[in-house]
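> One file is attached below, input_10.cif, containing mmCIF, C-alpha atoms and all ligand atoms.
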data_entry
#
loop_
_atom_site.label_atom_id
_atom_site.label_comp_id
_atom_site.auth_asym_id
_atom_site.auth_seq_id
_atom_site.Cartn_x
_atom_site.Cartn_y
_atom_site.Cartn_z
CA MET A 187 103.99 83.71 69.96
CA GLY A 188 105.88 85.50 72.71
CA TYR A 189 103.35 84.55 75.40
CA ARG A 190 103.66 85.39 79.09
CA PHE A 191 101.99 84.20 82.28
CA ASN A 192 99.54 87.12 82.14
CA ASP A 193 98.18 85.72 78.88
CA LEU A 194 97.07 82.61 80.79
CA THR A 195 95.07 84.61 83.36
CA ALA A 196 93.70 86.85 80.58
CA ALA A 197 92.47 83.75 78.71
CA CYS A 198 90.32 82.67 81.67
CA GLN A 199 89.59 85.98 83.38
CA ASP A 200 86.18 84.93 84.77
CA ASP A 201 87.50 81.77 86.44
CA TRP A 202 90.65 83.54 87.62
CA ARG A 203 88.67 86.38 89.29
CA ALA A 204 86.19 83.85 90.78
CA TYR A 205 89.18 82.11 92.40
CA ILE A 206 91.03 85.22 93.64
CA GLU A 207 87.87 86.97 94.88
CA HIS A 208 86.06 83.90 96.24
CA ASP A 209 83.68 84.41 99.19
CA PHE A 210 85.99 82.27 101.35
CA VAL A 211 88.80 84.77 100.67
CA LEU A 212 86.59 87.83 101.13
CA GLN A 213 85.19 86.59 104.45
CA LEU A 214 88.67 85.59 105.63
CA GLY A 215 89.87 89.13 104.90
CA GLN A 216 86.96 90.61 106.83
CA GLY A 217 87.66 88.26 109.75
CA LEU A 218 84.10 86.94 109.36
CA LEU A 219 84.81 83.44 108.03
CA ALA A 220 83.23 80.73 110.23
CA ASP A 221 86.05 79.09 112.17
CA ASP A 222 84.88 75.54 111.41
CA ALA A 223 85.01 76.40 107.67
CA PHE A 224 88.60 77.52 108.16
CA ARG A 225 89.44 74.39 110.17
CA HIS A 226 87.95 72.16 107.47
CA TYR A 227 90.06 74.00 104.88
CA LEU A 228 93.22 73.74 107.04
CA LYS A 229 92.82 70.01 107.52
CA GLN A 230 92.29 69.30 103.83
CA ASP A 231 95.16 71.63 102.98
CA TYR A 232 97.49 69.34 104.94
CA LEU A 233 96.62 66.53 102.52
CA PHE A 234 96.88 68.95 99.61
CA LEU A 235 100.44 69.88 100.63
CA ILE A 236 101.52 66.23 100.78
CA HIS A 237 100.35 65.67 97.20
CA PHE A 238 101.83 68.99 96.17
CA ALA A 239 105.19 67.71 97.48
CA ARG A 240 104.70 64.60 95.31
CA ALA A 241 104.08 66.90 92.34
CA TYR A 242 107.50 68.50 92.93
CA ALA A 243 109.01 65.01 93.06
CA LEU A 244 107.34 64.39 89.69
CA ALA A 245 108.81 67.68 88.46
CA ALA A 246 112.25 66.32 89.39
CA TYR A 247 111.58 63.17 87.35
CA LYS A 248 110.36 65.28 84.42
CA SER A 249 113.35 67.66 84.53
CA PRO A 250 115.41 67.69 81.32
CA THR A 251 118.25 69.81 82.77
CA LEU A 252 120.28 69.88 85.95
CA ALA A 253 118.98 73.42 86.68
CA ASP A 254 115.35 72.19 86.46
CA LEU A 255 116.23 69.20 88.64
CA ARG A 256 117.73 71.47 91.31
CA GLN A 257 114.70 73.78 91.18
CA ALA A 258 112.31 70.83 91.68
CA HIS A 259 114.48 69.58 94.56
CA GLU A 260 114.35 73.04 96.22
CA GLY A 261 110.56 73.13 95.82
CA LEU A 262 110.17 69.67 97.36
CA LYS A 263 112.47 70.59 100.27
CA ALA A 264 110.62 73.89 100.86
CA ILE A 265 107.29 72.08 101.17
CA LEU A 266 108.58 69.29 103.42
CA ASP A 267 110.83 71.38 105.67
CA VAL A 268 109.02 74.74 105.76
CA GLU A 269 105.41 74.73 104.49
CA LEU A 270 104.31 71.49 106.16
CA GLU A 271 106.03 72.35 109.46
CA LEU A 272 104.36 75.78 109.44
CA HIS A 273 101.05 74.22 108.52
CA VAL A 274 101.14 71.65 111.34
CA GLY A 275 101.99 74.45 113.82
CA TYR A 276 99.22 76.59 112.44
CA CYS A 277 96.70 73.71 112.71
CA ARG A 278 97.76 73.21 116.34
CA GLU A 279 96.95 76.87 117.06
CA TRP A 280 93.49 76.24 115.63
CA GLY A 281 93.00 73.21 117.89
CA ILE A 282 93.81 70.52 115.31
CA ALA A 283 96.32 67.93 116.58
CA GLU A 284 98.81 66.28 114.20
CA GLU A 285 97.26 62.81 114.85
CA GLN A 286 93.95 64.15 113.58
CA LEU A 287 95.69 65.20 110.37
CA THR A 288 97.34 61.87 109.64
CA ASP A 289 94.03 59.95 110.00
CA LEU A 290 92.04 62.37 107.87
CA PRO A 291 89.72 61.10 105.09
CA GLU A 292 90.40 62.99 101.88
CA ALA A 293 87.60 65.24 100.60
CA ARG A 294 86.55 64.89 96.96
CA ALA A 295 87.72 68.42 96.14
CA THR A 296 91.21 67.60 97.48
CA LEU A 297 91.29 64.33 95.56
CA ALA A 298 90.15 65.97 92.32
CA TYR A 299 92.60 68.86 92.43
CA THR A 300 95.74 67.04 93.55
CA ARG A 301 95.28 64.04 91.26
CA TYR A 302 94.53 66.35 88.34
CA VAL A 303 97.88 68.08 88.86
CA LEU A 304 99.72 64.76 89.14
CA ASP A 305 97.97 63.32 86.08
CA THR A 306 98.72 66.45 84.03
CA GLY A 307 102.39 66.15 84.97
CA ASN A 308 102.43 62.44 84.16
CA ARG A 309 100.81 62.86 80.77
CA GLY A 310 102.62 66.03 79.78
CA ASP A 311 106.02 67.62 80.18
CA LEU A 312 107.55 69.88 82.83
CA LEU A 313 105.78 72.97 81.42
CA ASP A 314 102.35 71.29 81.66
CA LEU A 315 103.10 70.42 85.27
CA HIS A 316 104.22 73.95 86.17
CA VAL A 317 101.13 75.44 84.51
CA ALA A 318 98.95 73.05 86.55
CA LEU A 319 100.75 74.20 89.72
CA ALA A 320 100.65 77.92 88.83
CA PRO A 321 97.16 78.79 90.16
CA CYS A 322 98.39 77.56 93.54
CA VAL A 323 101.85 79.14 93.57
CA VAL A 324 100.97 82.45 91.89
CA GLY A 325 97.32 82.68 92.95
CA TYR A 326 97.92 82.82 96.71
CA GLY A 327 100.36 85.72 96.30
CA GLU A 328 97.79 87.56 94.20
CA ILE A 329 95.11 86.78 96.79
CA ALA A 330 97.24 88.41 99.52
CA ASP A 331 97.62 91.54 97.33
CA TRP A 332 93.91 91.60 96.47
CA LEU A 333 92.94 91.29 100.15
CA ASN A 334 95.21 94.19 101.07
CA ALA A 335 93.54 96.31 98.39
CA GLN A 336 90.01 95.70 99.78
CA PRO A 337 88.63 98.36 102.13
CA SER A 338 86.70 95.59 103.95
CA THR A 339 89.90 93.70 104.87
CA VAL A 340 90.81 93.89 108.56
CA ARG A 341 94.49 93.54 109.47
CA GLY A 342 96.08 92.94 112.86
CA GLU A 343 94.58 91.60 116.06
CA GLY A 344 91.03 92.37 114.96
CA ASN A 345 91.24 89.55 112.41
CA PRO A 346 91.86 85.94 113.57
CA TYR A 347 93.08 85.14 110.05
CA ASP A 348 95.70 87.89 109.95
CA ALA A 349 98.59 85.38 110.23
CA TRP A 350 97.29 83.56 107.16
CA ILE A 351 97.38 86.75 105.08
CA ALA A 352 100.82 87.62 106.50
CA MET A 353 102.18 84.22 105.40
CA TYR A 354 101.32 84.84 101.75
CA GLU A 355 102.43 88.46 101.66
CA SER A 356 105.81 87.54 103.25
CA ASP A 357 109.01 88.34 101.32
CA ASP A 358 109.97 84.65 101.15
CA PHE A 359 106.68 83.65 99.63
CA GLN A 360 106.52 86.59 97.23
CA ALA A 361 110.08 85.82 96.08
CA ALA A 362 109.13 82.18 95.35
CA MET A 363 106.12 83.45 93.39
CA ARG A 364 108.28 85.83 91.32
CA ALA A 365 110.78 83.04 90.56
CA GLU A 366 107.92 80.86 89.31
CA LEU A 367 106.59 83.72 87.17
CA GLU A 368 110.03 84.26 85.61
CA TRP A 369 110.37 80.55 84.87
CA LEU A 370 106.94 80.46 83.24
CA ASP A 371 107.48 83.67 81.25
CA ALA A 372 110.76 82.29 79.85
CA ARG A 373 109.10 79.00 78.76
CA LEU A 374 105.89 80.56 77.44
CA ALA A 375 107.88 82.93 75.22
CA ASP A 376 108.65 80.05 72.81
CA VAL A 377 105.35 78.15 72.57
CA THR A 378 103.16 78.02 69.46
CA PRO A 379 99.52 79.20 69.53
CA ALA A 380 98.34 75.57 69.45
CA ARG A 381 100.52 74.67 72.44
CA PHE A 382 99.39 77.82 74.26
CA ALA A 383 95.76 76.77 73.78
CA GLU A 384 96.57 73.38 75.41
CA LEU A 385 98.25 75.13 78.32
CA CYS A 386 95.25 77.46 78.75
CA THR A 387 93.04 74.40 79.24
CA VAL A 388 95.35 73.07 81.95
CA PHE A 389 95.50 76.46 83.65
CA ARG A 390 91.73 76.95 83.52
CA ASP A 391 91.04 73.44 84.86
CA ALA A 392 93.45 73.91 87.77
CA THR A 393 91.94 77.34 88.54
CA ARG A 394 88.42 75.84 88.61
CA LEU A 395 89.68 73.15 90.99
CA GLU A 396 91.08 75.89 93.27
CA ILE A 397 87.58 77.48 93.27
CA ASP A 398 86.11 74.11 94.30
CA PHE A 399 88.69 73.86 97.08
CA TRP A 400 87.53 77.20 98.59
CA GLN A 401 83.90 76.12 98.18
CA MET A 402 84.66 72.84 99.96
CA GLY A 403 85.90 74.91 102.92
CA LEU A 404 82.80 77.12 102.95
CA ASP A 405 80.40 74.17 102.65
CA ARG A 406 82.47 71.80 104.85
CA THR A 407 81.97 69.09 102.21
CA ASP A 408 83.87 65.81 102.34
C1 LIG B 501 94.48 74.56 97.89
C2 LIG B 501 95.72 75.37 98.05
N1 LIG B 501 96.15 76.06 97.00
C3 LIG B 501 97.27 76.79 97.12
C4 LIG B 501 97.97 76.82 98.29
C5 LIG B 501 99.19 77.66 98.44
N2 LIG B 501 100.41 76.95 98.41
C6 LIG B 501 100.59 75.68 98.72
S1 LIG B 501 102.24 75.23 98.57
C7 LIG B 501 102.65 76.75 98.05
C8 LIG B 501 104.03 77.17 97.71
C9 LIG B 501 104.79 76.17 96.98
O1 LIG B 501 106.11 76.45 97.01
C10 LIG B 501 101.55 77.56 98.02
C11 LIG B 501 101.56 78.94 97.61
C12 LIG B 501 97.48 76.08 99.39
N3 LIG B 501 98.13 76.09 100.57
N4 LIG B 501 96.36 75.37 99.22
#
Before we go any further, please render this structure as structure tokens.

Amino acid sequence: MGYRFNDLTAACQDDWRAYIEHDFVLQLGQGLLADDAFRHYLKQDYLFLIHFARAYALAAYKSPTLADLRQAHEGLKAILDVELELHVGYCREWGIAEEQLTDLPEARATLAYTRYVLDTGNRGDLLDLHVALAPCVVGYGEIADWLNAQPSTVRGEGNPYDAWIAMYESDDFQAAMRAELEWLDARLADVTPARFAELCTVFRDATRLEIDFWQMGLDRTD
């Protein structure tokens, strides 16, 4: 007992590293990622964010306390008012119009990941749902840190993906990540070994689905 978030990543180190250090991420850091791979990723990520917003709405429904309810409400508002607005603007800069986004067919990797998160939240409790969301919320912050630690990463005007890295290293984003880590550490402190094993399965599954999401971008699969 007395688990922490780091115990989840430690329990699936290979999958976690494969996600953080994926070729999509490495090439993005080097500025060498094919731009149509990035566009494919950006378009599918629009759909991902919509379902992610639904997952926060589910978190509100699953909230046992007023504090949890407020936190879920803040998360939902942040996605609708900030993340999605930023994302649509970012897509526009990459030549993707908003109409193209609304008519988009959903790729299998997007379907699998987002519906897995929603199903986990439906079947389980608020902790299951947060653990299913954690590879997304915590992982992208760790990816920004990992990229900055790689000698091959190019920052500034020499890298067309610099703004993407900047978004996930920003103070606002890193603060949201720390808040999520604190919430998870507080909840994981009280779980039994059997419950921790269940949560590891959820965390590993969601991490593997993040890997598939990067791969979908690289392969432009639908
Ligand atoms: C496939 C995929 N996984 C993670 C993120 C990152 N992300 C999405 S919403 C959010 C913050 C929630 O408050 C973060 C970090 C993404 N964009 N796409």
> If the limit is 9 Å from any atom of ligand LIG 501 (chain B), counting all atoms listed in the file, which residues qualify? Return them as a PyMOL selection string.
chain A and resi 227-228+230-232+234-235+238-239+260-262+264-265+269-270+273+296+299-300+319-327+354+359+362-363+395-397+399-400
> Residues near A:Ala318, anyone? I mean within 7 Å using all atoms listed in the file, not counting same-chain ones fewer than 4 positions away, as a PyMOL selection string.
chain A and resi 303+314+388-389+392
> Between A:Leu404, A:Ala245, A:Leu333, A:Ala253, single out the one closest to A:Gly215, counting only C-alpha atoms.
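Ranking A:Leu404, A:Ala245, A:Leu333, A:Ala253 by distance to A:Gly215, first place goes to A:Leu333.
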> Within 9 Å of A:Arg190, counting only C-alpha atoms, which residues qualify if same-chain residues fewer than 3 places away don't, as a compact mmCIF listing (two decimals) with C-alpha atoms, in the frame of the given file?

# COMPACT_ATOMS: atom_id res chain seq x y z
CA ASP A 193 98.18 85.72 78.88
CA LEU A 194 97.07 82.61 80.79
CA LEU A 367 106.59 83.72 87.17
CA LEU A 370 106.94 80.46 83.24
CA ASP A 371 107.48 83.67 81.25
CA ALA A 372 110.76 82.29 79.85
CA ARG A 373 109.10 79.00 78.76
CA LEU A 374 105.89 80.56 77.44
CA ALA A 375 107.88 82.93 75.22
> Have a look at A:Lys248, A:Ala220, A:Phe210, A:Arg381 and name the one nearest to A:Arg309; count only C-alpha atoms.
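For A:Arg309, the nearest of the candidates is A:Lys248.
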> For the atom pair atom CA of A:Glu292 and atom CA of A:Asp408, what is the interatomic distance in Å to one decimal place?
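We find that atom CA of A:Glu292 and atom CA of A:Asp408 lie 7.1 Å from each other.
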> With distances taken over all atoms listed in the file, which of A:Asp398, A:Asp357, A:Glu368, A:Asp391 is nearest to A:Asn192?
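For A:Asn192, the nearest of the candidates is A:Glu368.
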> Mind filling out stretch 272-284 of chain A with N, CA and C atoms and sending it as a JSON list (two decimals), in the frame of the given file?

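Result saved to selection_19.json:
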[["chain", "number", "residue", "atom", "x", "y", "z"],
["A", 272, "LEU", "N", 105.16, 74.60, 109.11],
["A", 272, "LEU", "CA", 104.36, 75.78, 109.44],
["A", 272, "LEU", "C", 102.88, 75.41, 109.55],
["A", 273, "HIS", "N", 102.46, 74.59, 108.59],
["A", 273, "HIS", "CA", 101.05, 74.22, 108.52],
["A", 273, "HIS", "C", 100.63, 73.42, 109.76],
["A", 274, "VAL", "N", 101.47, 72.47, 110.16],
["A", 274, "VAL", "CA", 101.14, 71.65, 111.34],
["A", 274, "VAL", "C", 101.07, 72.55, 112.58],
["A", 275, "GLY", "N", 102.00, 73.50, 112.70],
["A", 275, "GLY", "CA", 101.99, 74.45, 113.82],
["A", 275, "GLY", "C", 100.75, 75.31, 113.80],
["A", 276, "TYR", "N", 100.39, 75.75, 112.61],
["A", 276, "TYR", "CA", 99.22, 76.59, 112.44],
["A", 276, "TYR", "C", 97.94, 75.82, 112.81],
["A", 277, "CYS", "N", 97.85, 74.57, 112.36],
["A", 277, "CYS", "CA", 96.70, 73.71, 112.71],
["A", 277, "CYS", "C", 96.61, 73.57, 114.23],
["A", 278, "ARG", "N", 97.76, 73.38, 114.88],
["A", 278, "ARG", "CA", 97.76, 73.21, 116.34],
["A", 278, "ARG", "C", 97.14, 74.44, 117.01],
["A", 279, "GLU", "N", 97.51, 75.63, 116.50],
["A", 279, "GLU", "CA", 96.95, 76.87, 117.06],
["A", 279, "GLU", "C", 95.43, 76.93, 116.89],
["A", 280, "TRP", "N", 94.94, 76.25, 115.86],
["A", 280, "TRP", "CA", 93.49, 76.24, 115.63],
["A", 280, "TRP", "C", 92.83, 74.99, 116.24],
["A", 281, "GLY", "N", 93.58, 74.34, 117.14],
["A", 281, "GLY", "CA", 93.00, 73.21, 117.89],
["A", 281, "GLY", "C", 92.96, 71.90, 117.12],
["A", 282, "ILE", "N", 93.78, 71.78, 116.08],
["A", 282, "ILE", "CA", 93.81, 70.52, 115.31],
["A", 282, "ILE", "C", 95.15, 69.83, 115.57],
["A", 283, "ALA", "N", 95.08, 68.65, 116.23],
["A", 283, "ALA", "CA", 96.32, 67.93, 116.58],
["A", 283, "ALA", "C", 96.86, 67.19, 115.36],
["A", 284, "GLU", "N", 98.19, 66.92, 115.37],
["A", 284, "GLU", "CA", 98.81, 66.28, 114.20],
["A", 284, "GLU", "C", 98.21, 64.88, 113.94]]
